[in-house]
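The file start-v9.txt contains compact mmCIF, C-alpha atoms and all ligand atoms:
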```
# COMPACT_ATOMS: atom_id res chain seq x y z
CA MET A 1 -130.67 133.31 22.29
CA ASN A 2 -131.78 130.19 24.10
CA PRO A 3 -133.32 127.97 21.41
CA GLN A 4 -135.46 126.27 24.02
CA THR A 5 -137.33 129.46 24.86
CA PRO A 6 -140.92 129.17 23.62
CA PRO A 7 -142.15 132.08 21.50
CA VAL A 8 -144.89 133.09 23.91
CA ASN A 9 -145.32 132.74 27.66
CA TRP A 10 -148.64 134.08 28.86
CA ILE A 11 -150.52 134.79 32.01
CA GLU A 12 -154.16 135.70 32.32
CA ASN A 13 -155.27 138.64 34.44
CA LYS A 14 -158.59 137.19 35.60
CA ARG A 15 -159.63 140.11 37.73
CA ALA A 16 -159.75 142.48 34.73
CA ARG A 17 -162.87 140.77 33.35
CA GLU A 18 -164.62 141.25 36.67
CA ILE A 19 -163.98 144.99 36.78
CA GLU A 20 -166.76 146.79 34.93
CA HIS A 21 -165.60 150.24 35.73
CA SER A 22 -162.14 151.39 36.80
CA PRO A 23 -161.82 154.67 38.74
CA THR A 24 -158.11 154.61 37.82
CA VAL A 25 -159.04 154.76 34.15
CA ASP A 26 -161.41 157.67 34.85
CA GLY A 27 -158.65 159.52 36.69
CA LEU A 28 -156.02 159.14 33.97
CA PHE A 29 -158.23 159.13 30.89
CA PRO A 30 -161.35 161.19 31.68
CA PRO A 31 -164.10 161.20 29.03
CA GLY A 32 -163.23 163.53 26.16
CA ILE A 33 -159.47 163.60 26.85
CA SER A 34 -158.58 162.27 23.39
CA ARG A 35 -160.61 165.10 21.83
CA GLN A 36 -158.43 167.57 23.72
CA THR A 37 -155.15 165.89 22.85
CA ARG A 38 -156.14 165.57 19.22
CA ALA A 39 -157.17 169.23 19.05
CA PHE A 40 -153.67 170.08 20.30
CA HIS A 41 -151.82 167.72 17.97
CA SER A 42 -153.83 168.84 14.94
CA ARG A 43 -152.45 172.35 15.41
CA ILE A 44 -148.85 171.15 15.11
CA PRO A 45 -147.54 172.13 11.68
CA GLY A 46 -147.05 168.89 9.71
CA TYR A 47 -149.63 166.90 11.69
CA HIS A 48 -151.40 164.18 9.71
CA VAL A 49 -153.58 161.30 10.78
CA SER A 50 -151.24 158.28 10.67
CA PRO A 51 -152.33 155.42 8.39
CA LEU A 52 -154.37 152.44 9.57
CA LYS A 53 -153.28 149.60 7.31
CA SER A 54 -155.26 146.45 6.73
CA LEU A 55 -153.60 143.03 6.24
CA PRO A 56 -156.56 140.96 4.96
CA ARG A 57 -154.47 138.16 3.39
CA LEU A 58 -152.50 137.57 6.56
CA ALA A 59 -155.70 137.74 8.64
CA ALA A 60 -157.24 135.01 6.46
CA MET A 61 -154.12 132.86 6.75
CA LEU A 62 -154.11 133.18 10.55
CA GLY A 63 -157.84 132.48 10.87
CA LEU A 64 -158.78 136.02 11.88
CA GLY A 65 -161.43 138.41 10.55
CA GLY A 66 -159.04 141.32 10.12
CA ILE A 67 -155.66 142.71 11.15
CA TRP A 68 -155.45 146.50 11.41
CA VAL A 69 -152.06 148.12 11.90
CA LYS A 70 -151.88 151.66 13.20
CA ASP A 71 -148.68 152.67 11.47
CA GLU A 72 -146.81 155.19 13.60
CA SER A 73 -143.56 154.82 11.70
CA PHE A 74 -143.76 158.34 10.21
CA ARG A 75 -145.56 160.27 12.93
CA LEU A 76 -144.68 163.96 12.53
CA SER A 77 -141.69 162.92 10.40
CA LEU A 78 -140.17 161.13 13.37
CA SER A 79 -140.24 157.35 13.44
CA SER A 80 -142.48 156.57 16.36
CA PHE A 81 -145.70 157.40 18.21
CA LYS A 82 -143.71 158.75 21.14
CA VAL A 83 -143.79 162.40 20.09
CA LEU A 84 -147.55 162.43 20.76
CA GLY A 85 -146.84 162.08 24.49
CA GLY A 86 -143.83 164.37 24.91
CA SER A 87 -145.40 167.20 22.92
CA PHE A 88 -148.70 167.11 24.83
CA ALA A 89 -146.87 166.98 28.18
CA ILE A 90 -144.71 170.00 27.34
CA TYR A 91 -147.78 171.89 26.13
CA SER A 92 -149.76 171.03 29.29
CA PHE A 93 -146.82 171.98 31.51
CA VAL A 94 -146.44 175.34 29.76
CA LYS A 95 -150.18 176.05 30.09
CA ASN A 96 -149.95 175.28 33.79
CA GLN A 97 -146.97 177.58 34.25
CA LEU A 98 -148.84 180.38 32.49
CA GLY A 99 -152.03 179.66 34.41
CA VAL A 100 -154.13 179.53 31.23
CA LYS A 101 -156.70 176.98 30.09
CA GLU A 102 -156.26 177.53 26.36
CA LEU A 103 -153.15 178.42 24.44
CA ASN A 104 -152.27 178.18 20.78
CA ILE A 105 -148.62 177.58 21.36
CA PHE A 106 -147.93 177.39 17.62
CA SER A 107 -149.31 180.84 16.84
CA GLU A 108 -146.93 183.80 16.78
CA GLU A 109 -148.69 185.39 19.71
CA GLY A 110 -148.76 182.15 21.73
CA ALA A 111 -145.05 181.57 21.18
CA ARG A 112 -144.22 185.15 22.20
CA LEU A 113 -146.26 184.84 25.39
CA VAL A 114 -144.49 181.63 26.30
CA ARG A 115 -141.04 183.12 25.68
CA GLU A 116 -141.89 186.17 27.80
CA GLU A 117 -143.12 184.09 30.72
CA LEU A 118 -140.69 181.17 30.67
CA GLY A 119 -137.62 182.66 28.98
CA ASP A 120 -134.72 180.35 28.32
CA PHE A 121 -136.08 177.09 29.64
CA THR A 122 -134.64 173.57 29.47
CA PHE A 123 -136.59 170.33 29.25
CA ALA A 124 -134.87 167.05 30.11
CA ALA A 125 -135.74 163.39 29.68
CA ALA A 126 -134.35 159.91 29.95
CA THR A 127 -134.95 157.66 27.01
CA ASP A 128 -134.17 154.44 25.24
CA GLY A 129 -134.39 156.43 22.03
CA ASN A 130 -137.84 157.34 20.87
CA HIS A 131 -139.21 159.33 23.82
CA GLY A 132 -136.08 161.52 23.93
CA ARG A 133 -136.35 162.17 20.25
CA GLY A 134 -139.96 163.29 20.67
CA VAL A 135 -139.12 165.55 23.62
CA ALA A 136 -136.14 167.07 21.76
CA TRP A 137 -138.29 167.68 18.68
CA SER A 138 -141.10 169.28 20.69
CA ALA A 139 -138.77 171.46 22.79
CA THR A 140 -136.91 172.69 19.71
CA ARG A 141 -140.17 173.47 17.87
CA LEU A 142 -141.30 175.58 20.80
CA GLY A 143 -137.97 177.38 21.13
CA PHE A 144 -136.73 175.62 24.28
CA ASN A 145 -133.50 173.76 25.08
CA SER A 146 -133.41 170.05 25.76
CA VAL A 147 -131.02 167.60 27.43
CA ILE A 148 -131.64 163.91 26.84
CA TYR A 149 -130.13 161.11 28.95
CA VAL A 150 -129.47 157.72 27.37
CA HIS A 151 -127.97 154.55 28.79
CA GLU A 152 -124.57 153.25 27.73
CA ASN A 153 -125.91 150.59 25.35
CA THR A 154 -127.89 153.05 23.25
CA SER A 155 -126.86 152.79 19.60
CA GLN A 156 -125.06 155.65 17.84
CA ALA A 157 -127.92 155.87 15.34
CA ARG A 158 -130.40 156.57 18.13
CA ILE A 159 -128.07 159.14 19.73
CA ARG A 160 -127.57 160.93 16.43
CA ALA A 161 -131.32 160.99 15.80
CA ILE A 162 -131.86 162.74 19.14
CA GLU A 163 -129.05 165.24 18.54
CA SER A 164 -130.37 166.04 15.08
CA ASN A 165 -133.57 167.18 16.74
CA GLY A 166 -131.69 169.82 18.69
CA ALA A 167 -130.89 168.17 22.04
CA ARG A 168 -127.68 167.72 23.99
CA VAL A 169 -127.27 164.01 24.73
CA VAL A 170 -125.75 162.69 27.97
CA VAL A 171 -124.72 159.02 28.13
CA VAL A 172 -124.91 157.41 31.59
CA PRO A 173 -123.79 153.97 32.82
CA GLY A 174 -126.42 151.28 33.40
CA THR A 175 -129.88 150.80 31.96
CA TYR A 176 -132.83 152.97 30.98
CA ASP A 177 -134.01 152.88 34.59
CA ASP A 178 -130.63 154.26 35.74
CA ALA A 179 -130.93 157.05 33.17
CA VAL A 180 -134.38 157.91 34.60
CA ARG A 181 -132.92 158.29 38.09
CA GLN A 182 -129.86 160.25 36.93
CA VAL A 183 -131.74 162.78 34.83
CA TYR A 184 -134.07 163.52 37.74
CA GLN A 185 -131.13 164.15 40.06
CA ASP A 186 -129.28 166.37 37.56
CA ALA A 187 -132.46 168.27 36.70
CA GLN A 188 -132.93 169.21 40.37
CA GLU A 189 -129.42 170.67 40.44
CA ASN A 190 -129.69 172.48 37.12
CA GLY A 191 -133.26 173.75 37.23
CA TRP A 192 -134.42 171.70 34.24
CA GLN A 193 -137.95 170.37 33.87
CA VAL A 194 -138.07 166.60 33.46
CA ILE A 195 -140.56 165.23 30.91
CA SER A 196 -140.71 161.57 31.86
CA ASP A 197 -142.90 158.84 30.41
CA THR A 198 -142.85 157.09 33.75
CA SER A 199 -144.09 158.25 37.14
CA TRP A 200 -142.95 158.11 40.74
CA PRO A 201 -144.50 159.39 43.98
CA GLY A 202 -144.94 163.14 43.74
CA TYR A 203 -144.24 163.18 39.99
CA GLU A 204 -147.49 162.25 38.33
CA ASP A 205 -148.87 165.12 36.23
CA ILE A 206 -146.32 164.92 33.43
CA PRO A 207 -146.44 161.15 32.86
CA ARG A 208 -150.25 161.40 32.95
CA TRP A 209 -150.10 164.02 30.18
CA VAL A 210 -147.66 161.83 28.25
CA MET A 211 -150.09 158.90 28.39
CA GLN A 212 -153.03 161.11 27.51
CA GLY A 213 -151.10 162.40 24.49
CA TYR A 214 -150.89 158.86 23.12
CA THR A 215 -154.70 158.62 22.96
CA THR A 216 -154.73 160.82 19.86
CA ALA A 217 -153.66 157.73 17.91
CA PHE A 218 -156.72 155.80 19.11
CA SER A 219 -159.13 158.61 18.46
CA GLU A 220 -157.81 158.44 14.87
CA VAL A 221 -158.13 154.62 14.82
CA GLN A 222 -161.78 154.84 15.83
CA GLU A 223 -162.55 157.17 12.93
CA GLN A 224 -160.59 155.02 10.52
CA LEU A 225 -162.36 151.83 11.63
CA ALA A 226 -165.74 153.55 11.52
CA ALA A 227 -165.08 154.36 7.86
CA GLN A 228 -164.80 150.58 7.34
CA GLY A 229 -168.04 149.93 9.24
CA ILE A 230 -166.24 148.60 12.33
CA ILE A 231 -167.31 149.94 15.72
CA LYS A 232 -164.20 148.88 17.60
CA PRO A 233 -161.39 146.36 17.38
CA THR A 234 -162.36 143.14 19.12
CA HIS A 235 -158.75 142.68 20.25
CA VAL A 236 -155.62 144.74 20.66
CA LEU A 237 -152.07 143.51 21.17
CA VAL A 238 -149.89 146.29 22.53
CA GLN A 239 -146.18 146.29 23.24
CA ALA A 240 -144.88 147.55 26.58
CA GLY A 241 -141.76 148.95 28.16
CA VAL A 242 -142.84 150.89 31.26
CA GLY A 243 -146.47 150.29 30.20
CA SER A 244 -147.59 153.85 29.38
CA LEU A 245 -148.54 153.08 25.77
CA ALA A 246 -150.37 149.92 26.86
CA ALA A 247 -152.25 151.85 29.57
CA ALA A 248 -153.21 154.57 27.09
CA THR A 249 -154.41 152.00 24.56
CA ILE A 250 -156.37 149.77 26.89
CA GLY A 251 -157.50 152.70 29.06
CA PHE A 252 -158.84 154.46 25.96
CA TYR A 253 -161.01 151.47 25.05
CA ALA A 254 -162.07 150.92 28.67
CA GLN A 255 -163.20 154.56 28.90
CA LEU A 256 -165.09 154.34 25.63
CA PHE A 257 -166.73 150.91 25.94
CA GLY A 258 -166.64 149.98 29.66
CA PRO A 259 -167.22 146.25 30.18
CA GLU A 260 -167.62 145.80 26.39
CA ARG A 261 -164.11 147.00 25.83
CA THR A 262 -161.64 145.58 23.36
CA ARG A 263 -159.86 142.49 24.68
CA SER A 264 -156.22 143.18 25.32
CA VAL A 265 -152.83 141.49 25.33
CA VAL A 266 -149.74 143.28 26.67
CA VAL A 267 -146.55 142.09 24.96
CA GLU A 268 -143.08 142.44 26.51
CA PRO A 269 -139.58 141.09 25.83
CA GLU A 270 -138.84 138.13 28.08
CA LYS A 271 -135.62 139.90 29.15
CA ALA A 272 -137.50 142.96 30.40
CA ALA A 273 -140.89 141.64 31.46
CA CYS A 274 -141.71 143.88 34.43
CA LEU A 275 -145.47 143.97 33.80
CA TYR A 276 -145.68 140.22 33.24
CA LEU A 277 -143.79 139.76 36.49
CA SER A 278 -146.15 142.14 38.29
CA ALA A 279 -149.16 140.19 36.96
CA GLU A 280 -147.53 136.95 38.03
CA LYS A 281 -146.90 138.22 41.57
CA GLY A 282 -150.57 139.14 41.60
CA ASP A 283 -150.56 141.45 44.61
CA GLY A 284 -151.70 144.50 42.65
CA LYS A 285 -148.34 146.25 43.02
CA PRO A 286 -145.80 147.03 40.28
CA HIS A 287 -142.64 144.89 40.52
CA SER A 288 -139.22 145.60 39.04
CA PHE A 289 -137.57 143.12 36.71
CA ALA A 290 -133.93 142.52 37.64
CA GLY A 291 -131.24 141.93 35.04
CA ASP A 292 -129.42 143.72 32.26
CA LEU A 293 -132.55 144.04 30.07
CA ASP A 294 -130.62 142.62 27.15
CA THR A 295 -133.11 142.58 24.26
CA ILE A 296 -133.18 143.80 20.67
CA MET A 297 -136.51 145.48 21.51
CA ALA A 298 -134.70 148.61 22.72
CA GLY A 299 -137.88 150.63 23.24
CA LEU A 300 -139.27 147.94 25.51
CA ALA A 301 -136.11 147.40 27.58
CA CYS A 302 -137.47 148.77 30.86
CA GLY A 303 -137.18 147.05 34.24
CA ASP A 304 -139.44 149.33 36.30
CA PRO A 305 -143.13 149.62 35.43
CA ASN A 306 -144.75 153.03 35.40
CA PRO A 307 -146.82 152.72 38.61
CA GLN A 308 -149.70 154.80 37.17
CA ALA A 309 -149.80 152.70 34.03
CA TRP A 310 -149.61 149.50 36.04
CA GLN A 311 -152.75 150.43 37.97
CA VAL A 312 -154.63 150.78 34.67
CA LEU A 313 -153.31 147.48 33.36
CA TRP A 314 -154.05 145.66 36.61
CA ASP A 315 -157.68 146.76 36.24
CA THR A 316 -158.10 146.28 32.50
CA ALA A 317 -155.47 144.18 30.67
CA ASP A 318 -156.68 140.64 29.94
CA VAL A 319 -153.44 138.80 29.20
CA PHE A 320 -149.72 139.51 29.68
CA VAL A 321 -147.28 137.90 27.29
CA LYS A 322 -143.47 137.75 27.19
CA CYS A 323 -141.48 136.83 24.10
CA PRO A 324 -137.87 136.19 23.10
CA ASP A 325 -136.15 138.38 20.52
CA TYR A 326 -136.78 136.05 17.59
CA VAL A 327 -140.51 136.81 17.88
CA ALA A 328 -139.90 140.51 17.20
CA ALA A 329 -137.45 139.65 14.41
CA LYS A 330 -140.08 137.47 12.74
CA GLY A 331 -142.62 140.29 13.02
CA MET A 332 -140.19 142.71 11.30
CA ARG A 333 -139.67 140.31 8.41
CA VAL A 334 -143.36 139.55 7.94
CA TYR A 335 -144.22 143.26 7.96
CA GLY A 336 -141.46 143.88 5.41
CA VAL A 337 -142.33 141.00 3.09
CA PRO A 338 -146.11 140.57 3.33
CA LEU A 339 -148.40 138.16 1.53
CA ALA A 340 -149.25 139.30 -2.01
CA GLY A 341 -151.96 141.94 -1.83
CA ASP A 342 -151.17 143.12 1.73
CA PRO A 343 -149.23 146.40 2.12
CA PHE A 344 -145.65 146.27 3.32
CA ILE A 345 -144.80 148.07 6.53
CA VAL A 346 -141.45 149.23 7.88
CA SER A 347 -141.32 148.14 11.49
CA GLY A 348 -138.50 148.19 14.03
CA GLU A 349 -137.89 145.64 16.78
CA SER A 350 -140.28 147.16 19.32
CA GLY A 351 -142.85 147.95 16.65
CA ALA A 352 -143.02 144.40 15.31
CA ALA A 353 -143.14 142.43 18.57
CA THR A 354 -146.93 142.22 18.60
CA LEU A 355 -147.26 140.92 15.04
CA GLY A 356 -144.65 138.23 15.82
CA ALA A 357 -146.55 137.27 18.99
CA LEU A 358 -149.90 137.19 17.17
CA MET A 359 -148.52 134.88 14.50
CA PHE A 360 -147.17 132.37 17.01
CA ILE A 361 -150.37 132.54 19.07
CA MET A 362 -152.49 131.82 15.98
CA GLN A 363 -150.22 129.24 14.37
CA ARG A 364 -148.81 127.07 17.14
CA PRO A 365 -150.98 124.23 18.47
CA GLU A 366 -149.85 124.77 22.06
CA TYR A 367 -151.55 128.17 22.11
CA ALA A 368 -155.04 126.82 21.41
CA PRO A 369 -156.06 127.48 25.04
CA LEU A 370 -154.94 131.11 24.72
CA ARG A 371 -156.83 131.52 21.43
CA GLU A 372 -159.90 130.10 23.09
CA GLN A 373 -159.47 132.18 26.20
CA LEU A 374 -159.30 135.35 24.13
CA ALA A 375 -161.88 134.18 21.56
CA LEU A 376 -159.42 134.92 18.77
CA ASN A 377 -161.14 133.56 15.67
CA ARG A 378 -162.59 134.42 12.26
CA ASN A 379 -164.83 137.06 13.83
CA SER A 380 -161.90 138.93 15.36
CA GLU A 381 -160.79 142.35 14.18
CA VAL A 382 -157.33 142.69 15.70
CA LEU A 383 -155.59 146.02 16.21
CA LEU A 384 -151.79 146.21 16.29
CA ILE A 385 -149.68 149.32 16.71
CA ASN A 386 -146.55 149.63 14.63
CA SER A 387 -145.04 151.83 17.32
CA GLU A 388 -141.78 152.48 15.44
CA GLY A 389 -140.30 152.32 11.97
CA ASN A 390 -136.64 151.87 11.12
CA THR A 391 -135.27 153.69 14.18
CA ASP A 392 -131.93 151.87 14.14
CA PRO A 393 -130.94 151.22 10.50
CA VAL A 394 -127.86 149.12 11.32
CA ASP A 395 -129.70 146.65 13.54
CA PHE A 396 -132.75 146.76 11.26
CA ARG A 397 -130.69 145.47 8.33
CA LYS A 398 -129.01 142.83 10.49
CA VAL A 399 -132.45 141.38 11.22
CA VAL A 400 -134.28 141.94 7.95
CA TRP A 401 -131.47 141.54 5.43
CA SER A 402 -129.06 139.21 7.24
CA GLY A 403 -131.62 137.08 9.06
CA ARG A 404 -130.36 137.69 12.57
CA HIS A 405 -132.45 136.10 15.34
CA PRO A 406 -134.01 133.33 13.27
CA VAL A 407 -136.96 131.35 14.58
CA PRO A 408 -135.51 128.19 16.20
CA GLU A 409 -136.06 124.98 14.26
CA GLU A 410 -138.50 123.52 16.78
CA TYR A 411 -140.84 126.52 16.51
CA GLN A 412 -140.90 126.72 12.74
CA SER A 413 -143.62 124.17 12.09
CA LEU A 414 -146.95 125.90 11.84
CA TYR A 415 -150.54 125.09 12.64
CA GLU A 416 -152.63 126.07 9.63
CA GLY A 417 -155.96 126.21 11.47
C1 LIG A 501 -141.16 151.92 19.64
C2 LIG A 501 -141.71 151.79 20.99
N1 LIG A 501 -142.78 151.00 21.18
C3 LIG A 501 -143.32 150.84 22.39
C4 LIG A 501 -142.79 151.46 23.50
C5 LIG A 501 -143.38 151.17 24.83
O1 LIG A 501 -143.90 152.25 25.49
P1 LIG A 501 -143.97 152.25 27.08
O2 LIG A 501 -142.58 152.43 27.60
O3 LIG A 501 -144.89 153.38 27.37
O4 LIG A 501 -144.52 150.94 27.51
C6 LIG A 501 -141.69 152.32 23.35
C7 LIG A 501 -141.10 153.01 24.49
O5 LIG A 501 -140.13 153.72 24.40
C8 LIG A 501 -141.13 152.47 22.07
O6 LIG A 501 -140.06 153.25 21.86
```

Can you turn what I pasted into C-alpha cells?
Ligand SMILES: Cc1ncc(COP(=O)(O)O)c(C=O)c1O
Amino acid sequence: MNPQTPPVNWIENKRAREIEHSPTVDGLFPPGISRQTRAFHSRIPGYHVSPLKSLPRLAAMLGLGGIWVKDESFRLSLSSFKVLGGSFAIYSFVKNQLGVKELNIFSEEGARLVREELGDFTFAAATDGNHGRGVAWSATRLGFNSVIYVHENTSQARIRAIESNGARVVVVPGTYDDAVRQVYQDAQENGWQVISDTSWPGYEDIPRWVMQGYTTAFSEVQEQLAAQGIIKPTHVLVQAGVGSLAAATIGFYAQLFGPERTRSVVVEPEKAACLYLSAEKGDGKPHSFAGDLDTIMAGLACGDPNPQAWQVLWDTADVFVKCPDYVAAKGMRVYGVPLAGDPFIVSGESGAATLGALMFIMQRPEYAPLREQLALNRNSEVLLINSEGNTDPVDFRKVVWSGRHPVPEEYQSLYEG
C-alpha cells in the first residue's frame, strides 16, 4: 500500500446530467423487466427478499438523512448478489433454446421438458469467485453440468466454494480478463455454453440477461423503501468490476425516474479502475486498465469494462471514484462493528468498498466539493449494496481481526461536519 494514496479520487461525468432519456437504458432495461426477473427468482425454492438494513446512527454521524444497505450477503444461501444474474441468464437461454415464452423451470414438468430438449448440457463461466459460484449453483439446480474458469490468484476458499456447488474448476494463468478469453475459446471447442457477466461483439444476449437479473434486488429495495415512506434513494454508491452491477443499479433508477433519477457514484479499486479510466478518457468508449489488478477487492479486480454496461454508465453515472484497499478494509470493519443501535453487517472486501468511500467522502474536508456537487447532506437517503458477505474467510479475518490494510495516519483525522 502506498500511504500517500488519498482515499478517494473522483471524476464527474458531466454529460450524464444533460441526458434526460437514454435509449441504451431502454434497450437493456425495458420497462417492466424487473417484474419479469423477480417473477422468475421468486419461483426458485429458497428465494427470499434480501434485507434492507438501516444505519441511522452512522447516517447522523456522517451528516446524512439515512443510509440503507441492501444486504446481499445471504442471497439464496450463497454469499453474494451474483446468483441473481447467472440464474436469470441460464433460464432465459433455456427458454430461447426451447422457443417458449413462459417456462416454470422449477416444476417437475418444466424440468423434464428441459432435459428432453437439451439433454446433458454444460454451462461455463469465467469468474473472480462470486459469478462462477452463482452459475455453478444455478446449473446444478437445473440438472446441468458446469465448468468454471478462475485466474491463478483466486483463493482456495473461493475455489472450494465453487466446487461445492457442483462445478469443475479450471485454473488459468493471468487475470480475470484472461480467464474470460480462455473459457470462451475452450467452450467453442467443447460445445459448452458460456454464461458471462461481460459482453463482446456478437455476444450480448447473455450478459444483458445477467444484468437484467440483478434488477430483482432493486425492485425489492423499492418496496422496502416504500414501506418506510421513501419514494427512492436520493443517492446510490455502487461498486464495479466490469460494471454490470453498476449499470443494472443506475439503469434501473434511470428507467424508473428518468431525469429525476437517483444520483450515482461508481466505486472501483484504484488498481483496477477501468470505468474511471474510461470516464477520464472521455471519448465515450470503454478503455482497458493495464496492470496486474492487484487489489483485495477480488470481485472488482477487472481490467476490461463490459462494453454494454459502459454505455449505460456513460449516459447515466454521475461520478466515478477509485479507492485504495484500505478504504474497503475500513468499510468491512465499520460494517462489522457499528455504532450502538445500528445493525452489524458481514461484508467482504468488494461488498464494503462503498461504505468506506462514503465515510471518507463525508468526513474528509478535501471532499467538500464532491459533497456539494452531489448534494450529499442531511436530506440524503443513501443506498449502498453489500454485494458480498464473508466470501473469503481467511482474508476476511486478516482484515477484520488482524487489522490488515489500516487507514494511513494522514487520513485518520476526521471532519465532523
Ligand atoms: C461481491 C461483488 N461485488 C461487486 C461486483 C461487481 O460486479 P461487476 O463486475 O458487474 O461490476 C462483483 C463482481 O464479481 C462482486 O463479486

Restricting the calculation to only C-alpha atoms, which member of A:Gln373, A:Thr249, A:Ser107, A:Asn379 is positioned closest to A:Trp10? A:Gln373

Could you list, as number ranges by chain, all the residues within 6 Å of ligand LIG 501 (chain A), counting all atoms listed in the file? A: 80, 130-131, 239-246, 299-300, 350-351, 387-388

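Considering the residues A:Ala317, A:Cys323, A:Ile44, A:Ile33 and counting all atoms listed in the file, A:Pro6 has its shortest atom-to-atom contact with A:Cys323.
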
Suppose you want the space between atom CA of A:Leu225 and atom CA of A:Thr37; what is it in Å? 19.4 Å

Dump as a Markdown table the rows for residues of stretch 218-270 of chain A within 8 Å of stretch 18-31 of chain A: closest atom pair and distance in Å with one decimal, all atoms listed in the file counted, ordered by chain and rising residue number.
```
| residue | atom | partner | partner_atom | distance |
| --- | --- | --- | --- | --- |
| A:Ala248 | CA | A:Phe29 | CA | 7.8 |
| A:Gly251 | CA | A:Val25 | CA | 5.7 |
| A:Phe252 | CA | A:Phe29 | CA | 6.8 |
| A:Ala254 | CA | A:Val25 | CA | 7.3 |
| A:Gln255 | CA | A:Val25 | CA | 6.7 |
| A:Leu256 | CA | A:Pro31 | CA | 7.7 |
| A:Gly258 | CA | A:Glu20 | CA | 6.2 |
| A:Pro259 | CA | A:Glu20 | CA | 4.8 |
```

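For the pair atom CA of A:Ala139 and atom CA of A:Arg38, the separation is 18.7 Å.
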
Rounded to one decimal in Å, what is the spacing between atom CA of A:Asn386 and atom CA of A:Asp71? 4.9 Å

Compile a residue-level contact table for stretch 14-101 of chain A against stretch 109-112 of chain A at a cut-off of 12 Å, reporting for every qualifying residue the shortest atom pair and its distance in Å to one decimal, with only C-alpha atoms counted, rows ordered by chain and ascending number, as a tab-separated table.
```
residue	atom	partner	partner_atom	distance
A:Tyr91	CA	A:Gly110	CA	11.2
A:Val94	CA	A:Ala111	CA	10.7
A:Lys95	CA	A:Gly110	CA	10.4
A:Leu98	CA	A:Gly110	CA	10.9
A:Val100	CA	A:Gly110	CA	11.2
```

Residues at most 6 Å from stretch 195-198 of chain A, counting all atoms listed in the file, excluding those fewer than 6 positions away in the same chain, as a list in words? Ala125, Pro207 and Asn306 of chain A

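Across A:Ala247, A:Ile296, A:Ala60, A:Ile361, the tightest approach to A:Thr316 is made by A:Ala247 when counting all atoms listed in the file.
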
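You can rank A:Ser50, A:Thr140, A:Asn390, A:Ser278 by their closest distance to A:Asn13 using all atoms listed in the file, and at the top of that list sits A:Ser278.
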
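Minimum atom-to-atom distance to A:Phe121, evaluated using only C-alpha atoms, belongs to A:Trp192 out of A:Leu76, A:Trp192, A:Ala187, A:Ala167.
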
Can you give me N, CA and C atoms for stretch 158-171 of chain A, written as a PDB file, keeping the file's coordinate frame?
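Heads up, here's the output in result_13.pdb:
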```
ATOM      1  N   ARG A 158    -129.349 155.964  17.291  1.00  0.00           N
ATOM      2  CA  ARG A 158    -130.400 156.570  18.130  1.00  0.00           C
ATOM      3  C   ARG A 158    -129.901 157.891  18.725  1.00  0.00           C
ATOM      4  N   ILE A 159    -128.622 157.913  19.148  1.00  0.00           N
ATOM      5  CA  ILE A 159    -128.070 159.140  19.730  1.00  0.00           C
ATOM      6  C   ILE A 159    -128.059 160.255  18.678  1.00  0.00           C
ATOM      7  N   ARG A 160    -127.624 159.917  17.494  1.00  0.00           N
ATOM      8  CA  ARG A 160    -127.570 160.930  16.430  1.00  0.00           C
ATOM      9  C   ARG A 160    -128.965 161.465  16.089  1.00  0.00           C
ATOM     10  N   ALA A 161    -129.946 160.560  16.120  1.00  0.00           N
ATOM     11  CA  ALA A 161    -131.320 160.990  15.800  1.00  0.00           C
ATOM     12  C   ALA A 161    -131.817 161.990  16.842  1.00  0.00           C
ATOM     13  N   ILE A 162    -131.432 161.802  18.085  1.00  0.00           N
ATOM     14  CA  ILE A 162    -131.860 162.740  19.140  1.00  0.00           C
ATOM     15  C   ILE A 162    -131.139 164.082  18.954  1.00  0.00           C
ATOM     16  N   GLU A 163    -129.828 164.003  18.711  1.00  0.00           N
ATOM     17  CA  GLU A 163    -129.050 165.240  18.540  1.00  0.00           C
ATOM     18  C   GLU A 163    -129.551 166.031  17.329  1.00  0.00           C
ATOM     19  N   SER A 164    -129.938 165.320  16.284  1.00  0.00           N
ATOM     20  CA  SER A 164    -130.370 166.040  15.080  1.00  0.00           C
ATOM     21  C   SER A 164    -131.697 166.755  15.304  1.00  0.00           C
ATOM     22  N   ASN A 165    -132.348 166.444  16.405  1.00  0.00           N
ATOM     23  CA  ASN A 165    -133.570 167.180  16.740  1.00  0.00           C
ATOM     24  C   ASN A 165    -133.303 168.279  17.760  1.00  0.00           C
ATOM     25  N   GLY A 166    -132.035 168.607  17.945  1.00  0.00           N
ATOM     26  CA  GLY A 166    -131.690 169.820  18.690  1.00  0.00           C
ATOM     27  C   GLY A 166    -131.307 169.616  20.146  1.00  0.00           C
ATOM     28  N   ALA A 167    -131.179 168.365  20.614  1.00  0.00           N
ATOM     29  CA  ALA A 167    -130.890 168.170  22.040  1.00  0.00           C
ATOM     30  C   ALA A 167    -129.403 167.934  22.284  1.00  0.00           C
ATOM     31  N   ARG A 168    -128.989 168.195  23.535  1.00  0.00           N
ATOM     32  CA  ARG A 168    -127.680 167.720  23.990  1.00  0.00           C
ATOM     33  C   ARG A 168    -127.922 166.346  24.596  1.00  0.00           C
ATOM     34  N   VAL A 169    -127.081 165.372  24.233  1.00  0.00           N
ATOM     35  CA  VAL A 169    -127.270 164.010  24.730  1.00  0.00           C
ATOM     36  C   VAL A 169    -126.221 163.685  25.787  1.00  0.00           C
ATOM     37  N   VAL A 170    -126.659 163.116  26.902  1.00  0.00           N
ATOM     38  CA  VAL A 170    -125.750 162.690  27.970  1.00  0.00           C
ATOM     39  C   VAL A 170    -125.870 161.176  28.103  1.00  0.00           C
ATOM     40  N   VAL A 171    -124.717 160.478  28.021  1.00  0.00           N
ATOM     41  CA  VAL A 171    -124.720 159.020  28.130  1.00  0.00           C
ATOM     42  C   VAL A 171    -124.361 158.641  29.568  1.00  0.00           C
TER      43      VAL A 171
END
```
